[in-house]
file data.cif (mmCIF, C-alpha atoms)
data_model
#
loop_
_atom_site.label_atom_id
_atom_site.label_comp_id
_atom_site.auth_asym_id
_atom_site.auth_seq_id
_atom_site.Cartn_x
_atom_site.Cartn_y
_atom_site.Cartn_z
CA MET A 253 0.00 0.00 0.00
CA ALA A 254 1.41 3.35 -1.00
CA VAL A 255 0.70 6.59 0.80
CA VAL A 256 -0.67 9.02 -1.78
CA PHE A 257 -1.39 11.88 0.58
CA GLN A 258 -0.13 12.75 4.03
CA LYS A 259 0.70 15.90 5.96
CA THR A 260 3.85 17.58 4.70
CA LYS A 261 6.96 17.92 6.87
CA GLY A 262 6.92 21.59 5.93
CA LEU A 263 4.21 22.21 8.51
CA THR A 264 4.54 21.89 12.28
CA ASP A 265 2.18 19.71 14.32
CA LYS A 266 0.42 22.75 15.73
CA GLU A 267 -3.26 22.98 14.84
CA THR A 268 -4.12 26.21 13.04
CA HIS A 269 -6.36 28.82 14.63
CA TYR A 270 -8.15 29.46 11.32
CA CYS A 271 -11.94 29.27 11.18
CA PRO A 272 -13.48 26.04 9.84
CA GLY A 273 -13.27 25.96 6.04
CA CYS A 274 -10.83 28.86 5.73
CA THR A 275 -8.60 28.17 2.74
CA HIS A 276 -5.55 29.67 4.48
CA GLY A 277 -4.92 26.08 5.64
CA ILE A 278 -4.77 24.82 2.05
CA ILE A 279 -2.43 27.65 0.99
CA HIS A 280 -0.14 27.05 3.99
CA ARG A 281 0.05 23.40 3.00
CA LEU A 282 0.90 24.20 -0.64
CA VAL A 283 3.75 26.52 0.36
CA ALA A 284 5.04 23.94 2.86
CA GLU A 285 4.82 21.12 0.29
CA VAL A 286 6.78 23.19 -2.23
CA LEU A 287 9.49 23.98 0.34
CA GLU A 288 9.71 20.27 1.18
CA GLU A 289 9.80 19.16 -2.47
CA LEU A 290 12.50 21.69 -3.37
CA ASP A 291 14.38 20.51 -0.26
CA ILE A 292 14.88 24.06 0.99
CA LEU A 293 13.08 23.88 4.36
CA GLY A 294 16.39 24.31 6.18
CA GLU A 295 17.38 27.22 3.94
CA THR A 296 14.15 29.16 4.05
CA ILE A 297 13.19 32.17 6.13
CA GLY A 298 9.53 33.19 5.99
CA VAL A 299 8.10 36.53 7.02
CA ALA A 300 4.64 36.53 8.60
CA PRO A 301 2.27 39.50 8.22
CA VAL A 302 -0.37 41.07 10.40
CA GLY A 303 -3.86 39.75 9.78
CA CYS A 304 -5.38 36.28 10.09
CA SER A 305 -2.06 34.71 9.12
CA VAL A 306 -0.19 36.61 11.83
CA LEU A 307 0.54 33.31 13.58
CA ALA A 308 1.93 31.67 10.42
CA TYR A 309 5.31 31.48 12.18
CA ASP A 310 3.84 28.77 14.40
CA TYR A 311 2.75 26.65 11.45
CA PHE A 312 5.63 26.67 8.94
CA ASN A 313 8.44 24.29 9.77
CA CYS A 314 11.16 26.72 8.71
CA ASP A 315 12.69 29.84 10.23
CA MET A 316 10.14 32.64 10.47
CA GLN A 317 10.11 36.32 11.34
CA GLU A 318 7.13 38.51 12.21
CA ALA A 319 6.83 41.92 10.57
CA ALA A 320 4.86 45.06 11.37
CA HIS A 321 1.60 45.52 9.47
CA GLY A 322 2.27 45.66 5.72
CA ARG A 323 6.05 45.72 6.17
CA ALA A 324 6.80 42.06 5.46
CA PRO A 325 8.43 42.88 2.07
CA ALA A 326 10.72 45.44 3.75
CA VAL A 327 11.73 42.98 6.48
CA ALA A 328 12.24 40.28 3.83
CA THR A 329 14.45 42.67 1.87
CA GLY A 330 16.69 43.11 4.91
CA ILE A 331 16.90 39.37 5.50
CA LYS A 332 17.63 38.56 1.86
CA ARG A 333 20.28 41.26 1.51
CA SER A 334 22.10 40.21 4.68
CA LEU A 335 21.73 36.48 3.98
CA PRO A 336 21.64 36.28 0.17
CA ASP A 337 22.02 32.49 0.12
CA LYS A 338 18.77 31.94 2.01
CA ILE A 339 15.37 31.56 0.42
CA VAL A 340 13.08 34.31 1.72
CA PHE A 341 9.33 34.53 1.33
CA THR A 342 6.52 36.67 2.70
CA TYR A 343 3.01 35.39 3.34
CA GLN A 344 0.53 38.26 3.33
CA GLY A 345 -3.20 38.83 3.17
CA ASP A 346 -4.99 41.51 1.19
CA GLY A 347 -5.56 43.80 4.18
CA ASP A 348 -1.83 43.68 4.84
CA LEU A 349 -0.41 43.75 1.32
CA ALA A 350 -2.98 45.71 -0.69
CA SER A 351 -3.75 48.40 1.88
CA ILE A 352 -1.26 49.46 4.53
CA GLY A 353 1.53 47.58 2.76
CA ALA A 354 0.76 48.77 -0.78
CA GLY A 355 3.88 50.97 -0.80
CA GLU A 356 6.16 48.18 0.40
CA ILE A 357 4.98 45.65 -2.16
CA VAL A 358 5.35 48.10 -5.05
CA HIS A 359 8.88 49.02 -4.03
CA VAL A 360 10.03 45.48 -3.31
CA ALA A 361 9.06 44.73 -6.92
CA HIS A 362 10.56 48.00 -8.13
CA ARG A 363 13.90 47.12 -6.49
CA ALA A 364 13.62 43.60 -7.99
CA GLU A 365 14.37 42.03 -4.63
CA LYS A 366 14.98 38.32 -5.00
CA ILE A 367 12.19 37.22 -2.69
CA THR A 368 8.86 35.43 -3.13
CA THR A 369 5.50 36.73 -1.92
CA ILE A 370 2.42 34.62 -1.34
CA PHE A 371 -0.51 37.03 -1.48
CA VAL A 372 -3.76 35.66 -0.06
CA ASN A 373 -6.72 37.63 -1.41
CA ASN A 374 -10.05 36.98 0.31
CA ALA A 375 -11.56 40.38 -0.50
CA ILE A 376 -12.11 41.37 3.14
CA TYR A 377 -10.33 42.12 6.41
CA GLY A 378 -10.64 38.80 8.22
CA MET A 379 -8.93 39.11 11.59
CA THR A 380 -10.47 42.45 12.55
CA GLY A 381 -13.99 41.27 11.83
CA GLY A 382 -14.91 41.73 8.19
CA GLN A 383 -14.27 45.37 7.26
CA MET A 384 -14.06 46.48 3.64
CA ALA A 385 -10.62 45.95 2.09
CA PRO A 386 -9.21 47.55 -1.07
CA THR A 387 -9.94 44.19 -2.74
CA THR A 388 -13.61 44.00 -1.63
CA LEU A 389 -15.84 43.56 -4.68
CA ILE A 390 -18.45 46.12 -5.77
CA GLY A 391 -21.71 45.28 -3.99
CA GLN A 392 -20.00 42.96 -1.52
CA LYS A 393 -21.17 43.53 2.04
CA ALA A 394 -18.70 44.25 4.81
CA THR A 395 -19.11 45.70 8.30
CA THR A 396 -17.92 49.09 6.99
CA ALA A 397 -20.00 48.73 3.81
CA PRO A 398 -23.28 47.35 5.18
CA LEU A 399 -25.16 48.07 1.94
CA GLY A 400 -22.36 46.65 -0.19
CA ARG A 401 -19.30 48.42 -1.57
CA ASP A 402 -20.31 51.51 -3.51
CA SER A 403 -17.83 52.64 -6.14
CA SER A 404 -19.07 56.24 -6.03
CA THR A 405 -17.70 56.69 -2.52
CA THR A 406 -15.09 53.94 -2.14
CA GLY A 407 -13.70 53.37 -5.62
CA PHE A 408 -13.02 50.06 -7.27
CA PRO A 409 -11.33 46.82 -6.11
CA LEU A 410 -7.57 46.91 -6.53
CA LYS A 411 -6.03 44.40 -8.93
CA ILE A 412 -2.65 43.97 -7.29
CA SER A 413 -1.25 41.35 -9.67
CA GLU A 414 -2.06 43.38 -12.79
CA MET A 415 -0.49 46.44 -11.15
CA LEU A 416 2.71 44.61 -10.18
CA ALA A 417 2.97 42.98 -13.60
CA THR A 418 3.71 46.43 -15.05
CA ILE A 419 6.87 46.67 -12.91
CA GLN A 420 9.96 45.33 -14.64
CA GLY A 421 11.51 43.87 -11.48
CA ALA A 422 8.49 41.63 -10.83
CA VAL A 423 9.55 38.74 -13.02
CA PHE A 424 6.96 36.21 -11.94
CA VAL A 425 3.34 37.20 -11.36
CA GLU A 426 0.48 34.71 -11.36
CA ARG A 427 -3.03 34.60 -9.95
CA VAL A 428 -4.41 31.25 -8.82
CA THR A 429 -7.22 29.93 -6.64
CA VAL A 430 -7.84 26.95 -4.36
CA HIS A 431 -11.57 26.26 -4.70
CA ASN A 432 -11.24 22.75 -6.16
CA PRO A 433 -8.54 20.05 -6.46
CA ALA A 434 -7.61 20.97 -10.05
CA ALA A 435 -7.16 24.61 -9.06
CA ILE A 436 -5.12 23.54 -6.02
CA ARG A 437 -2.72 21.58 -8.25
CA LYS A 438 -2.30 24.63 -10.51
CA ALA A 439 -1.75 26.87 -7.48
CA LYS A 440 0.98 24.58 -6.22
CA LYS A 441 2.72 24.66 -9.62
CA ALA A 442 2.68 28.46 -9.60
CA ILE A 443 4.05 28.63 -6.04
CA LYS A 444 6.81 26.18 -6.98
CA ARG A 445 7.71 28.24 -10.04
CA ALA A 446 7.84 31.41 -7.94
CA PHE A 447 10.35 29.80 -5.55
CA GLU A 448 12.38 28.44 -8.48
CA VAL A 449 12.59 31.96 -9.90
CA GLN A 450 14.02 33.13 -6.58
CA ILE A 451 16.48 30.21 -6.41
CA ALA A 452 17.66 31.11 -9.93
CA GLY A 453 18.15 34.71 -8.73
CA GLN A 454 15.92 36.12 -11.45
CA GLY A 455 14.01 38.69 -9.41
CA PHE A 456 10.82 39.25 -7.46
CA GLY A 457 8.01 36.70 -7.69
CA ILE A 458 4.45 36.93 -6.41
CA VAL A 459 1.59 34.44 -6.45
CA GLU A 460 -1.85 35.87 -5.68
CA VAL A 461 -4.11 33.17 -4.29
CA LEU A 462 -7.86 33.81 -4.20
CA SER A 463 -9.13 32.56 -0.87
CA THR A 464 -12.40 32.29 1.02
CA CYS A 465 -13.49 33.87 4.30
CA PRO A 466 -16.66 31.95 5.22
CA THR A 467 -16.97 33.64 8.62
CA ASN A 468 -16.87 37.24 7.42
CA TRP A 469 -18.60 36.59 4.10
CA GLY A 470 -21.41 35.16 6.25
CA MET A 471 -21.82 31.82 4.51
CA THR A 472 -20.95 28.16 4.95
CA PRO A 473 -17.48 27.04 3.84
CA ILE A 474 -18.96 25.12 0.90
CA LYS A 475 -21.09 28.08 -0.25
CA ALA A 476 -18.02 30.30 0.09
CA LEU A 477 -16.18 28.17 -2.49
CA GLY A 478 -19.07 28.75 -4.91
CA TRP A 479 -19.15 32.48 -4.15
CA LEU A 480 -15.42 32.71 -4.89
CA GLU A 481 -15.89 30.94 -8.22
CA ASP A 482 -18.95 32.99 -9.25
CA ASN A 483 -17.87 36.44 -8.05
CA MET A 484 -14.14 36.70 -7.48
CA ILE A 485 -12.77 34.85 -10.50
CA PRO A 486 -14.67 37.02 -13.05
CA TYR A 487 -13.17 40.20 -11.49
CA TYR A 488 -9.77 38.71 -10.64
CA PRO A 489 -9.02 36.55 -13.70
CA LEU A 490 -6.74 33.59 -13.13
CA GLY A 491 -3.53 32.94 -14.97
CA ASN A 492 0.05 33.97 -15.42
CA LEU A 493 0.70 37.67 -15.93
CA ARG A 494 4.47 37.60 -16.16
CA THR A 495 7.31 35.08 -16.41
CA PRO A 496 11.09 35.70 -16.35
CA GLU A 497 11.22 35.00 -20.09
CA GLU A 498 8.74 37.82 -20.80
CA ALA A 499 10.41 40.15 -18.32
CA LYS A 500 13.71 40.21 -20.24
CA MET B 113 -13.07 -3.95 -3.45
CA ALA B 114 -11.65 -0.72 -2.18
CA LYS B 115 -8.70 0.75 -4.06
CA GLY B 116 -7.91 3.25 -1.36
CA LYS B 117 -7.72 3.67 2.38
CA VAL B 118 -8.62 6.98 3.97
CA THR B 119 -7.71 7.79 7.56
CA PHE B 120 -9.13 10.78 9.43
CA ASN B 121 -7.39 12.41 12.37
CA GLU B 122 -10.89 13.05 13.71
CA ASP B 123 -10.02 15.13 16.74
CA ILE B 124 -8.50 17.96 14.70
CA CYS B 125 -11.36 18.07 12.15
CA LYS B 126 -13.23 21.40 12.19
CA GLY B 127 -16.28 19.99 10.43
CA CYS B 128 -16.12 22.47 7.52
CA GLY B 129 -17.21 19.89 4.95
CA LEU B 130 -14.81 20.99 2.18
CA CYS B 131 -13.63 17.38 1.84
CA THR B 132 -17.17 16.32 0.87
CA THR B 133 -17.33 18.65 -2.14
CA ASN B 134 -15.09 16.92 -4.66
CA CYS B 135 -15.30 13.17 -3.99
CA PRO B 136 -15.93 11.52 -7.38
CA VAL B 137 -17.78 8.62 -5.72
CA ASN B 138 -19.54 10.74 -3.06
CA ILE B 139 -18.49 8.72 -0.05
CA VAL B 140 -17.04 11.49 2.14
CA VAL B 141 -19.73 12.65 4.57
CA MET B 142 -19.98 14.43 7.90
CA ASN B 143 -20.61 12.07 10.80
CA THR B 144 -23.60 13.76 12.44
CA THR B 145 -23.82 11.03 15.11
CA LYS B 146 -20.47 11.97 16.58
CA ILE B 147 -18.93 15.07 18.15
CA ASN B 148 -15.14 15.36 18.29
CA ALA B 149 -12.82 16.95 20.86
CA LYS B 150 -13.24 20.37 19.21
CA GLY B 151 -17.03 20.09 19.29
CA TYR B 152 -17.60 19.54 15.57
CA HIS B 153 -19.15 16.71 13.57
CA PRO B 154 -16.03 15.14 12.02
CA ALA B 155 -15.77 13.92 8.41
CA THR B 156 -15.87 10.22 7.69
CA ILE B 157 -16.31 7.70 4.85
CA SER B 158 -19.73 6.18 4.25
CA ASP B 159 -18.64 3.32 1.98
CA ILE B 160 -14.90 2.59 1.96
CA ASP B 161 -15.33 -0.19 -0.62
CA ALA B 162 -16.13 2.46 -3.23
CA CYS B 163 -12.96 4.51 -2.52
CA ILE B 164 -10.66 4.94 -5.52
CA GLY B 165 -7.84 6.56 -3.52
CA CYS B 166 -7.83 9.80 -5.56
CA ALA B 167 -7.01 11.98 -2.51
CA ASN B 168 -9.33 14.81 -3.62
CA CYS B 169 -10.75 14.92 -0.08
CA ALA B 170 -7.30 15.31 1.45
CA MET B 171 -6.40 17.94 -1.15
CA MET B 172 -9.38 20.09 -0.10
CA CYS B 173 -8.86 19.70 3.66
CA PRO B 174 -7.47 22.94 5.15
CA ASP B 175 -6.46 21.19 8.38
CA ASN B 176 -4.47 18.16 7.22
CA VAL B 177 -6.95 15.77 8.82
CA ILE B 178 -6.83 13.19 6.04
CA THR B 179 -4.21 10.62 5.03
CA VAL B 180 -4.84 8.60 1.86
CA GLU B 181 -3.23 5.29 0.89
CA ARG B 182 -3.73 3.39 -2.35
CA PHE B 183 -3.52 -0.37 -2.85
#

call {"tool": "encode", "arguments": {"input": "data.cif", "output": "structure tokens"}}
result
Amino acid sequence: MAVVFQKTKGLTDKETHYCPGCTHGIIHRLVAEVLEELDILGETIGVAPVGCSVLAYDYFNCDMQEAAHGRAPAVATGIKRSLPDKIVFTYQGDGDLASIGAGEIVHVAHRAEKITTIFVNNAIYGMTGGQMAPTTLIGQKATTAPLGRDSSTTGFPLKISEMLATIQGAVFVERVTVHNPAAIRKAKKAIKRAFEVQIAGQGFGIVEVLSTCPTNWGMTPIKALGWLEDNMIPYYPLGNLRTPEEAK
Amino acid sequence: MAKGKVTFNEDICKGCGLCTTNCPVNIVVMNTTKINAKGYHPATISDIDACIGCANCAMMCPDNVITVERF
């Protein structure tokens, strides 16, 4: 009998604090599996953000560092420049990366830092209780947009990957999702490629992963997967936006 | 004859049900007769003989509850 699926060594034995059905757990696993498969667990330093994934340092079985809100790319820059042989990644949510950390993520790409960012986009602020984020969809309800996001007063959802793909130093940009097994396999491939780009020293890589927030979206975990597919994917189209070959 | 063996680490299951969404033979269900250490109805297999060992359930699980073996 062959084991076809078991928990990766890239994760610790600690149970996550995430709500039932939150896809953060799947994304954590994919990153950890990639680190294990590339055999770089001992060489990797991750930077955790502020937000739901603030405790990510407890879950990844590699060295981790916590950063101030939105500043994970800046902290990662310091780590990578002082320890250039290490593999450095940041794991950030949309409230962290797309809002307070929007400046940091633009400039880490602009400086072409050789780090990898995993950007988890669930279109809402999760940890603080479901406030509107820059990525919240038009019409989507949040505690600070009880009638749904209105573009006349709050603008339009920010497409971070498209924005970063215009920056020359961002050599790998891809948007993926994790709402079914086929999508999860594709997401893992993209994350692996992003780390390979860093190992090859080609520049900055980011993978945006569309994620669910059943608790703050106010639906069951299974309905949340359907909501992601029906509402998020049309606005945030999946696919690769930039590869090192195109960036040359 | 089952082609796969699925083991659940029931006590860490959060009862979200994501594992039930993509089973090609529809045998992953929530065990509503049982409550685990966390207070949730854990996932289980209704008919292990039908299992094909595809690991879709484990792939969807956010909490690494499931281990899949194939004969």

call {"tool": "closest_residue", "arguments": {"input": "data.cif", "among": "B:Leu130, B:Ala155, B:Cys166, B:Cys125", "to": "Pro473 of chain A", "atoms": "only C-alpha atoms"}}
result
B:Leu130

call {"tool": "interface_residues", "arguments": {"input": "data.cif", "of": "chain B", "to": "chain A", "cutoff": "12 Å", "atoms": "only C-alpha atoms", "output": "short mmCIF file (atom, residue, chain, number, x, y, z; two decimals) with C-alpha atoms, keeping the file's coordinate frame"}}
result
data_model
loop_
_atom_site.label_atom_id
_atom_site.label_comp_id
_atom_site.auth_asym_id
_atom_site.auth_seq_id
_atom_site.Cartn_x
_atom_site.Cartn_y
_atom_site.Cartn_z
CA ALA B 114 -11.65 -0.72 -2.18
CA LYS B 115 -8.70 0.75 -4.06
CA GLY B 116 -7.91 3.25 -1.36
CA LYS B 117 -7.72 3.67 2.38
CA VAL B 118 -8.62 6.98 3.97
CA THR B 119 -7.71 7.79 7.56
CA PHE B 120 -9.13 10.78 9.43
CA ASN B 121 -7.39 12.41 12.37
CA ASP B 123 -10.02 15.13 16.74
CA ILE B 124 -8.50 17.96 14.70
CA CYS B 125 -11.36 18.07 12.15
CA LYS B 126 -13.23 21.40 12.19
CA GLY B 127 -16.28 19.99 10.43
CA CYS B 128 -16.12 22.47 7.52
CA GLY B 129 -17.21 19.89 4.95
CA LEU B 130 -14.81 20.99 2.18
CA CYS B 131 -13.63 17.38 1.84
CA THR B 132 -17.17 16.32 0.87
CA THR B 133 -17.33 18.65 -2.14
CA ASN B 134 -15.09 16.92 -4.66
CA CYS B 135 -15.30 13.17 -3.99
CA PRO B 136 -15.93 11.52 -7.38
CA LYS B 150 -13.24 20.37 19.21
CA GLY B 151 -17.03 20.09 19.29
CA TYR B 152 -17.60 19.54 15.57
CA HIS B 153 -19.15 16.71 13.57
CA PRO B 154 -16.03 15.14 12.02
CA ILE B 164 -10.66 4.94 -5.52
CA GLY B 165 -7.84 6.56 -3.52
CA CYS B 166 -7.83 9.80 -5.56
CA ALA B 167 -7.01 11.98 -2.51
CA ASN B 168 -9.33 14.81 -3.62
CA CYS B 169 -10.75 14.92 -0.08
CA ALA B 170 -7.30 15.31 1.45
CA MET B 171 -6.40 17.94 -1.15
CA MET B 172 -9.38 20.09 -0.10
CA CYS B 173 -8.86 19.70 3.66
CA PRO B 174 -7.47 22.94 5.15
CA ASP B 175 -6.46 21.19 8.38
CA ASN B 176 -4.47 18.16 7.22
CA VAL B 177 -6.95 15.77 8.82
CA ILE B 178 -6.83 13.19 6.04
CA THR B 179 -4.21 10.62 5.03
CA VAL B 180 -4.84 8.60 1.86
CA GLU B 181 -3.23 5.29 0.89
CA ARG B 182 -3.73 3.39 -2.35
CA PHE B 183 -3.52 -0.37 -2.85
#

call {"tool": "resolve_selection", "arguments": {"input": "data.cif", "expression": "the PyMOL selection byres ((chain A and resi 405-414) around 10)", "output": "PyMOL selection string"}}
result
chain A and resi 346+349-351+354+357-358+371+373+375+384-390+397+401-404+415-419+422+424-427+458-460+487-489+492-494

call {"tool": "axis_aligned_box", "arguments": {"input": "data.cif", "around": "segment 135-148 of chain B", "padding_each_side": "6 Å", "output": "AutoDock Vina command-line options"}}
result
--center_x -19.5 --center_y 12.0 --center_z 5.5 --size_x 20.7 --size_y 18.7 --size_z 37.7

call {"tool": "resolve_selection", "arguments": {"input": "data.cif", "expression": "the PyMOL selection byres ((chain A and resi 283) around 12)", "output": "ChimeraX atom specification"}}
result
/A:260-263,276-282,284-290,292-293,296,298,308,311-314,341-343,368-372,436-437,439-447,459,461

call {"tool": "resolve_selection", "arguments": {"input": "data.cif", "expression": "the PyMOL selection byres ((chain A and resi 453) around 12)", "output": "CSV table (one decimal) with C-alpha atoms, keeping the file's coordinate frame"}}
result
chain,number,residue,atom,x,y,z
A,332,LYS,CA,17.6,38.6,1.9
A,336,PRO,CA,21.6,36.3,0.2
A,337,ASP,CA,22.0,32.5,0.1
A,338,LYS,CA,18.8,31.9,2.0
A,339,ILE,CA,15.4,31.6,0.4
A,340,VAL,CA,13.1,34.3,1.7
A,364,ALA,CA,13.6,43.6,-8.0
A,365,GLU,CA,14.4,42.0,-4.6
A,366,LYS,CA,15.0,38.3,-5.0
A,367,ILE,CA,12.2,37.2,-2.7
A,368,THR,CA,8.9,35.4,-3.1
A,421,GLY,CA,11.5,43.9,-11.5
A,423,VAL,CA,9.6,38.7,-13.0
A,424,PHE,CA,7.0,36.2,-11.9
A,446,ALA,CA,7.8,31.4,-7.9
A,447,PHE,CA,10.4,29.8,-5.6
A,448,GLU,CA,12.4,28.4,-8.5
A,449,VAL,CA,12.6,32.0,-9.9
A,450,GLN,CA,14.0,33.1,-6.6
A,451,ILE,CA,16.5,30.2,-6.4
A,452,ALA,CA,17.7,31.1,-9.9
A,454,GLN,CA,15.9,36.1,-11.4
A,455,GLY,CA,14.0,38.7,-9.4
A,456,PHE,CA,10.8,39.2,-7.5
A,457,GLY,CA,8.0,36.7,-7.7
A,496,PRO,CA,11.1,35.7,-16.4

call {"tool": "atom_distance", "arguments": {"input": "data.cif", "atom1": "atom CA of Met142 of chain B", "atom2": "atom CA of Met113 of chain B"}}
result
22.7 Å

call {"tool": "atom_distance", "arguments": {"input": "data.cif", "atom1": "atom CA of Gly381 of chain A", "atom2": "atom CA of Pro325 of chain A"}}
result
24.5 Å

call {"tool": "atom_distance", "arguments": {"input": "data.cif", "atom1": "atom CA of Ala435 of chain A", "atom2": "atom CA of Val141 of chain B"}}
result
22.1 Å

call {"tool": "closest_residue", "arguments": {"input": "data.cif", "among": "A:Met379, A:Gly391, A:Arg363, A:Leu335", "to": "Met484 of chain A", "atoms": "all atoms listed in the file"}}
result
A:Gly391

call {"tool": "residues_around", "arguments": {"input": "data.cif", "residues": "Val137 of chain B", "least_positions_apart": "6", "cutoff": "10 Å", "atoms": "only C-alpha atoms", "output": "PyMOL selection string"}}
result
chain B and resi 159+162-164

call {"tool": "closest_residue", "arguments": {"input": "data.cif", "among": "A:Gln392, A:Gly330, A:Gly322, A:Gly382", "to": "Gly355 of chain A", "atoms": "only C-alpha atoms"}}
result
A:Gly322
